[in-house]
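Chemist: Next comes input.cif, mmCIF, C-alpha atoms and all ligand atoms:
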data_start
#
loop_
_atom_site.label_atom_id
_atom_site.label_comp_id
_atom_site.auth_asym_id
_atom_site.auth_seq_id
_atom_site.Cartn_x
_atom_site.Cartn_y
_atom_site.Cartn_z
CA MET A 1 -3.11 -3.00 2.25
CA LYS A 2 -0.92 -1.50 -0.45
CA HIS A 3 -1.78 1.72 -2.22
CA LEU A 4 -2.27 1.46 -5.96
CA VAL A 5 -0.56 4.12 -8.07
CA MET A 6 -1.84 4.54 -11.61
CA VAL A 7 0.74 5.75 -14.13
CA VAL A 8 -0.66 7.22 -17.35
CA GLU A 9 2.34 7.77 -19.59
CA ASP A 10 2.96 6.87 -23.23
CA GLU A 11 6.75 6.95 -23.00
CA GLU A 12 7.49 3.35 -22.19
CA ALA A 13 11.00 3.84 -20.80
CA LEU A 14 9.79 6.49 -18.37
CA ALA A 15 6.71 4.46 -17.40
CA LEU A 16 8.88 1.44 -16.59
CA LEU A 17 11.29 3.57 -14.60
CA LEU A 18 8.39 4.97 -12.58
CA LYS A 19 6.87 1.52 -12.10
CA TYR A 20 10.18 0.13 -10.87
CA ASN A 21 10.70 2.93 -8.37
CA LEU A 22 7.12 3.01 -7.14
CA GLU A 23 7.18 -0.74 -6.54
CA LYS A 24 10.43 -0.31 -4.67
CA GLU A 25 8.58 2.16 -2.42
CA GLY A 26 6.04 -0.57 -1.70
CA TYR A 27 3.15 0.50 -3.94
CA ASP A 28 1.17 -1.54 -6.42
CA VAL A 29 1.42 0.02 -9.86
CA ALA A 30 -0.90 0.00 -12.86
CA TRP A 31 0.29 1.49 -16.12
CA GLU A 32 -1.76 2.77 -19.03
CA SER A 33 -0.17 4.35 -22.11
CA ARG A 34 -3.24 5.47 -24.02
CA GLY A 35 -5.29 8.44 -23.00
CA ASN A 36 -8.58 7.06 -24.22
CA LYS A 37 -8.20 3.88 -22.17
CA ALA A 38 -6.88 5.57 -19.05
CA LEU A 39 -10.20 6.86 -17.76
CA GLY A 40 -11.83 3.42 -17.90
CA GLU A 41 -8.85 1.93 -16.06
CA ILE A 42 -9.00 4.62 -13.40
CA GLU A 43 -12.70 3.97 -12.86
CA LYS A 44 -12.14 0.24 -12.69
CA ASN A 45 -9.08 0.21 -10.43
CA LYS A 46 -9.76 3.26 -8.23
CA PRO A 47 -6.07 4.02 -7.61
CA SER A 48 -4.93 5.95 -4.54
CA VAL A 49 -3.05 8.42 -6.71
CA ILE A 50 -2.69 9.09 -10.45
CA ILE A 51 0.53 10.16 -12.14
CA LEU A 52 -0.69 11.69 -15.36
CA ASP A 53 1.41 12.76 -18.33
CA TRP A 54 0.26 15.92 -20.07
CA MET A 55 1.15 14.86 -23.62
CA LEU A 56 -0.67 11.65 -24.50
CA PRO A 57 -1.98 10.32 -27.76
CA GLU A 58 -5.71 10.77 -28.40
CA ILE A 59 -6.71 12.60 -25.23
CA SER A 60 -4.41 14.97 -23.37
CA GLY A 61 -3.63 14.63 -19.70
CA VAL A 62 -5.43 17.89 -19.02
CA GLU A 63 -8.62 16.49 -20.58
CA ILE A 64 -8.30 13.27 -18.58
CA CYS A 65 -7.80 15.26 -15.42
CA LYS A 66 -10.96 17.27 -16.09
CA LEU A 67 -12.89 14.06 -16.74
CA VAL A 68 -11.60 12.49 -13.51
CA ARG A 69 -12.78 15.55 -11.60
CA SER A 70 -16.23 15.32 -13.18
CA LYS A 71 -16.94 11.77 -12.01
CA PRO A 72 -18.21 11.44 -8.43
CA ASP A 73 -16.65 8.05 -7.67
CA ILE A 74 -13.11 9.05 -8.72
CA LYS A 75 -13.06 12.82 -8.40
CA ASN A 76 -11.21 12.80 -5.07
CA ILE A 77 -8.24 10.78 -6.31
CA PRO A 78 -5.12 12.98 -6.20
CA VAL A 79 -3.56 13.70 -9.61
CA ILE A 80 0.10 14.56 -10.15
CA MET A 81 0.60 16.02 -13.60
CA LEU A 82 3.82 15.35 -15.51
CA THR A 83 4.84 17.65 -18.25
CA ALA A 84 7.69 18.63 -20.49
CA LYS A 85 6.35 22.14 -20.51
CA GLY A 86 7.70 24.44 -17.91
CA GLU A 87 5.75 27.56 -18.66
CA GLU A 88 3.94 29.18 -15.79
CA GLU A 89 0.85 29.41 -17.97
CA ASP A 90 0.84 25.65 -18.51
CA LYS A 91 1.24 25.05 -14.83
CA ILE A 92 -1.79 27.20 -14.15
CA LYS A 93 -3.71 25.38 -16.87
CA GLY A 94 -2.79 22.02 -15.35
CA LEU A 95 -3.73 23.02 -11.85
CA SER A 96 -6.96 24.63 -12.96
CA ALA A 97 -7.88 21.38 -14.73
CA GLY A 98 -7.88 19.92 -11.23
CA ALA A 99 -4.37 18.52 -10.83
CA ASP A 100 -3.15 18.45 -7.23
CA ASP A 101 0.50 18.75 -8.09
CA TYR A 102 2.58 19.48 -11.13
CA VAL A 103 6.05 18.11 -11.95
CA THR A 104 8.13 19.32 -14.88
CA LYS A 105 10.23 16.86 -16.90
CA PRO A 106 13.04 16.14 -16.43
CA PHE A 107 12.47 15.54 -12.74
CA SER A 108 14.41 13.54 -10.19
CA ILE A 109 12.91 10.23 -9.12
CA PRO A 110 13.31 10.94 -5.37
CA GLU A 111 11.47 14.22 -5.85
CA LEU A 112 8.55 12.55 -7.61
CA MET A 113 8.44 9.81 -4.96
CA ALA A 114 8.24 12.49 -2.28
CA ARG A 115 5.37 14.16 -4.14
CA VAL A 116 3.54 10.84 -4.39
CA LYS A 117 3.96 10.30 -0.66
CA THR A 118 2.59 13.76 0.04
CA GLN A 119 -0.51 13.09 -2.05
CA LEU A 120 -1.03 9.69 -0.45
CA ARG A 121 -1.09 11.30 2.97
CA ARG A 122 -4.34 12.89 1.96
CA ALA A 123 -5.70 9.95 -0.07
CA PRO A 124 -8.38 7.84 1.59
CA GLU A 125 -7.08 4.53 2.96
CA PRO A 126 -7.82 1.55 0.75
CA VAL A 127 -11.11 0.01 1.86
CA ASP A 128 -10.78 -3.14 3.88
CA GLU A 129 -13.22 -5.84 3.09
CA GLY A 130 -13.90 -9.43 3.91
CA GLU A 131 -12.19 -11.84 6.21
CA LEU A 132 -8.94 -13.69 6.54
CA GLU A 133 -8.86 -17.22 7.86
CA PHE A 134 -6.12 -19.52 9.04
CA GLU A 135 -7.17 -22.80 10.61
CA ASP A 136 -9.46 -21.75 13.50
CA ILE A 137 -8.30 -18.11 13.50
CA ARG A 138 -10.64 -15.69 11.76
CA MET A 139 -9.94 -12.01 11.15
CA ASP A 140 -12.83 -9.71 10.32
CA LEU A 141 -11.20 -6.88 8.36
CA VAL A 142 -14.26 -4.66 8.37
CA GLY A 143 -14.99 -4.88 12.09
CA LYS A 144 -11.27 -5.23 12.93
CA LYS A 145 -11.96 -8.24 15.12
CA VAL A 146 -10.17 -11.51 15.61
CA TYR A 147 -11.71 -14.80 16.69
CA ARG A 148 -10.24 -18.15 17.49
CA GLY A 149 -13.00 -20.69 17.14
CA GLU A 150 -15.91 -19.02 18.92
CA ASN A 151 -13.68 -16.91 21.13
CA TYR A 152 -13.18 -13.22 20.55
CA ILE A 153 -9.55 -12.19 20.95
CA HIS A 154 -8.74 -8.64 21.88
CA LEU A 155 -5.60 -7.42 20.10
CA GLY A 156 -3.82 -4.09 20.18
CA PRO A 157 -3.51 -2.28 16.83
CA THR A 158 0.10 -3.37 16.28
CA GLU A 159 -0.66 -7.02 17.06
CA PHE A 160 -3.65 -6.80 14.74
CA ARG A 161 -1.51 -5.50 11.87
CA LEU A 162 1.18 -8.11 12.55
CA LEU A 163 -1.34 -10.94 12.53
CA ARG A 164 -2.93 -9.56 9.40
CA MET A 165 0.41 -9.57 7.59
CA LEU A 166 1.06 -13.17 8.65
CA MET A 167 -2.46 -14.26 7.72
CA GLU A 168 -2.33 -12.69 4.28
CA THR A 169 0.44 -15.14 3.31
CA PRO A 170 0.41 -18.16 5.64
CA GLY A 171 3.64 -20.13 5.65
CA LYS A 172 5.73 -17.26 4.35
CA VAL A 173 8.65 -16.35 6.59
CA PHE A 174 8.60 -12.62 7.27
CA SER A 175 11.89 -11.08 8.34
CA ARG A 176 11.90 -8.67 11.27
CA GLU A 177 13.04 -5.93 8.90
CA TYR A 178 10.13 -6.57 6.54
CA LEU A 179 7.64 -6.55 9.41
CA LEU A 180 9.14 -3.35 10.77
CA LYS A 181 8.84 -1.64 7.41
CA ASN A 182 5.34 -2.85 6.67
CA VAL A 183 3.71 -2.88 10.08
CA TRP A 184 5.41 0.10 11.70
CA GLY A 185 6.20 2.05 8.54
CA ASP A 186 9.28 3.50 6.96
CA ASN A 187 9.74 6.63 8.92
CA ILE A 188 9.41 5.26 12.39
CA TYR A 189 12.55 4.22 14.14
CA VAL A 190 12.08 1.08 16.18
CA GLU A 191 14.51 -1.68 17.06
CA SER A 192 13.99 -5.10 15.56
CA ARG A 193 13.59 -6.50 19.08
CA THR A 194 10.33 -4.56 19.17
CA VAL A 195 8.95 -7.05 16.67
CA ASP A 196 9.73 -9.87 19.09
CA VAL A 197 7.94 -8.10 21.91
CA HIS A 198 4.77 -7.68 19.87
CA ILE A 199 4.94 -11.22 18.50
CA ARG A 200 5.14 -12.46 22.09
CA ARG A 201 2.00 -10.48 22.97
CA LEU A 202 0.24 -11.74 19.86
CA ARG A 203 1.15 -15.33 20.70
CA LYS A 204 -0.05 -14.97 24.25
CA SER A 205 -3.41 -13.66 23.06
CA LEU A 206 -3.88 -16.31 20.40
CA ASN A 207 -2.67 -19.20 22.53
CA GLN A 208 -5.34 -18.67 25.16
CA PHE A 209 -7.64 -20.67 22.93
CA GLY A 210 -5.41 -23.15 21.12
CA SER A 211 -1.92 -24.26 20.26
CA ASP A 212 0.81 -22.01 18.93
CA TYR A 213 0.60 -21.23 15.20
CA ILE A 214 3.43 -18.73 15.02
CA ARG A 215 6.72 -20.24 14.06
CA THR A 216 9.95 -18.51 15.05
CA VAL A 217 12.56 -18.89 12.36
CA ARG A 218 15.81 -18.44 14.16
CA ALA A 219 17.85 -15.38 13.17
CA THR A 220 15.27 -14.57 10.52
CA GLY A 221 11.72 -13.85 11.56
CA TYR A 222 8.28 -15.33 11.83
CA ALA A 223 5.73 -17.32 9.88
CA LEU A 224 2.23 -18.64 10.41
CA ASP A 225 2.41 -22.41 10.61
CA LYS A 226 -0.13 -24.77 12.11
CA ASN A 227 2.67 -27.11 13.13
CA ALA A 228 4.56 -24.45 15.03
CA GLY A 229 3.32 -25.90 18.35
CA GLY A 230 5.88 -26.04 21.11
CA ASP A 231 8.04 -23.44 19.47
CA VAL A 232 8.86 -20.69 21.91
CA ASP A 233 10.48 -17.30 21.83
CA GLU A 234 14.20 -17.55 22.05
CA CA B 301 3.95 11.77 -23.29
#
Before anything else, please render the file you have as structure tokens.

Modeler:
Amino acid sequence: MKHLVMVVEDEEALALLLKYNLEKEGYDVAWESRGNKALGEIEKNKPSVIILDWMLPEISGVEICKLVRSKPDIKNIPVIMLTAKGEEEDKIKGLSAGADDYVTKPFSIPELMARVKTQLRRAPEPVDEGELEFEDIRMDLVGKKVYRGENYIHLGPTEFRLLRMLMETPGKVFSREYLLKNVWGDNIYVESRTVDVHIRRLRKSLNQFGSDYIRTVRATGYALDKNAGGDVDE
């Protein structure tokens, strides 16, 4: 599940630049330009991290930060404060309002992205809920269990994440590179053949109780397809 980053920034050009770069990093992004609306949006969307501009119309970023910290259901969300002010006194004021980090404008995009990543490391994982279904395969996201018909299928954590990705968008062809990035993560070096190995394991587990639903798209990747039957690993 993707992390949601909430950007509270009234400067449209900067907000769009942040949105573009955050999405490129693989996050969902919500943007709010008005201070008085931001708090409601934060409570509604429960982002994983908030990038909060200091100077906002109506309510300042510092005030919003204090309000976030006063509300039990959102008080643990990390806040990165953006500001044009570089004074040490302002920094202290920002941090004492409850900000977790403080970035002075102008900042470099890679630096801010690194700060976001750092905060996300300590953010709680998005809560999994509900079930995914594809034909007779059922994935219980809360209990982390997979069933085919009535049969429980034991999967390793990597196979579970692979299947989840496929089941979230049935029919979509996922490239090996995409699966590597999203199942294994950015910073882990694994060869693309590794994907094939885990897909083979996943297939073997699933096919104990029915026909093959994983389609191999030659030279590209994999998709969930109920007519994949008979397709085999190259
Ligand atoms: Ca501003």

Chemist: For ligand CA 301 (chain B), collect every residue having any atom at a distance of at most 7 Å from a ligand atom (counting all atoms listed in the file); output as a list in words.

Modeler: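 Every residue with an atom at most 7 Å from ligand CA 301 (chain B) is listed here: Glu9, Asp10, Glu11, Asp53, Trp54, Met55 and Leu56 of chain A.
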
Chemist: Name the residues in contact with range 115-119 of chain A at a cut-off of 10 Å, using only C-alpha atoms, excluding same-chain residues fewer than 6 positions from it; report them as a ChimeraX atom specification.

Modeler: /A:5,22,25,48-51,77-80,100-103,109

Chemist: Please list as a PDB file with C-alpha atoms, in the coordinates of the input every residue within 12 Å of Thr194 in chain A, counting all atoms listed in the file and excluding residues in the same chain fewer than 5 positions away.

Modeler:
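Here's the written file part00.pdb:
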ATOM      1  CA  THR A 158       0.100  -3.370  16.280  1.00  0.00           C
ATOM      2  CA  GLU A 159      -0.660  -7.020  17.060  1.00  0.00           C
ATOM      3  CA  LEU A 162       1.180  -8.110  12.550  1.00  0.00           C
ATOM      4  CA  ARG A 176      11.900  -8.670  11.270  1.00  0.00           C
ATOM      5  CA  GLU A 177      13.040  -5.930   8.900  1.00  0.00           C
ATOM      6  CA  LEU A 179       7.640  -6.550   9.410  1.00  0.00           C
ATOM      7  CA  LEU A 180       9.140  -3.350  10.770  1.00  0.00           C
ATOM      8  CA  VAL A 183       3.710  -2.880  10.080  1.00  0.00           C
ATOM      9  CA  TRP A 184       5.410   0.100  11.700  1.00  0.00           C
ATOM     10  CA  ILE A 188       9.410   5.260  12.390  1.00  0.00           C
ATOM     11  CA  TYR A 189      12.550   4.220  14.140  1.00  0.00           C
ATOM     12  CA  ILE A 199       4.940 -11.220  18.500  1.00  0.00           C
ATOM     13  CA  ARG A 200       5.140 -12.460  22.090  1.00  0.00           C
ATOM     14  CA  ARG A 201       2.000 -10.480  22.970  1.00  0.00           C
TER      15      ARG A 201
END

Chemist: Between A:Gly98, A:Gly229, A:Gly149, A:Pro157, which one has atoms that come closest to Lys66 in chain A, using all atoms listed in the file?

Modeler: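 Checking each of A:Gly98, A:Gly229, A:Gly149, A:Pro157 against Lys66 in chain A, counting all atoms listed in the file, the winner is A:Gly98.
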
Chemist: Rounded to one decimal place, report the CA of Leu224 in chain A-CA of Glu23 in chain A distance in Å.

Modeler: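 Computing it gives 25.1 Å between the two atoms.
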
Chemist: Excluding Leu141 in chain A and its own-chain neighbours fewer than 6 positions away, which residues fall within 8 Å of it when counting only C-alpha atoms? Please give them as a PyMOL selection string.

Modeler: chain A and resi 128-132

Chemist: Find, counting only C-alpha atoms, the residue in A:Ala219, A:Val173, A:Glu168, A:Gly156 that gets nearest to Arg193 in chain A.

Modeler: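 Ranking A:Ala219, A:Val173, A:Glu168, A:Gly156 by distance to Arg193 in chain A, first place goes to A:Ala219.
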
Chemist: Could you jot down the CA of Ala99 in chain A to CA of Val68 in chain A separation for me, Å, one decimal place?

Modeler: 9.8 Å
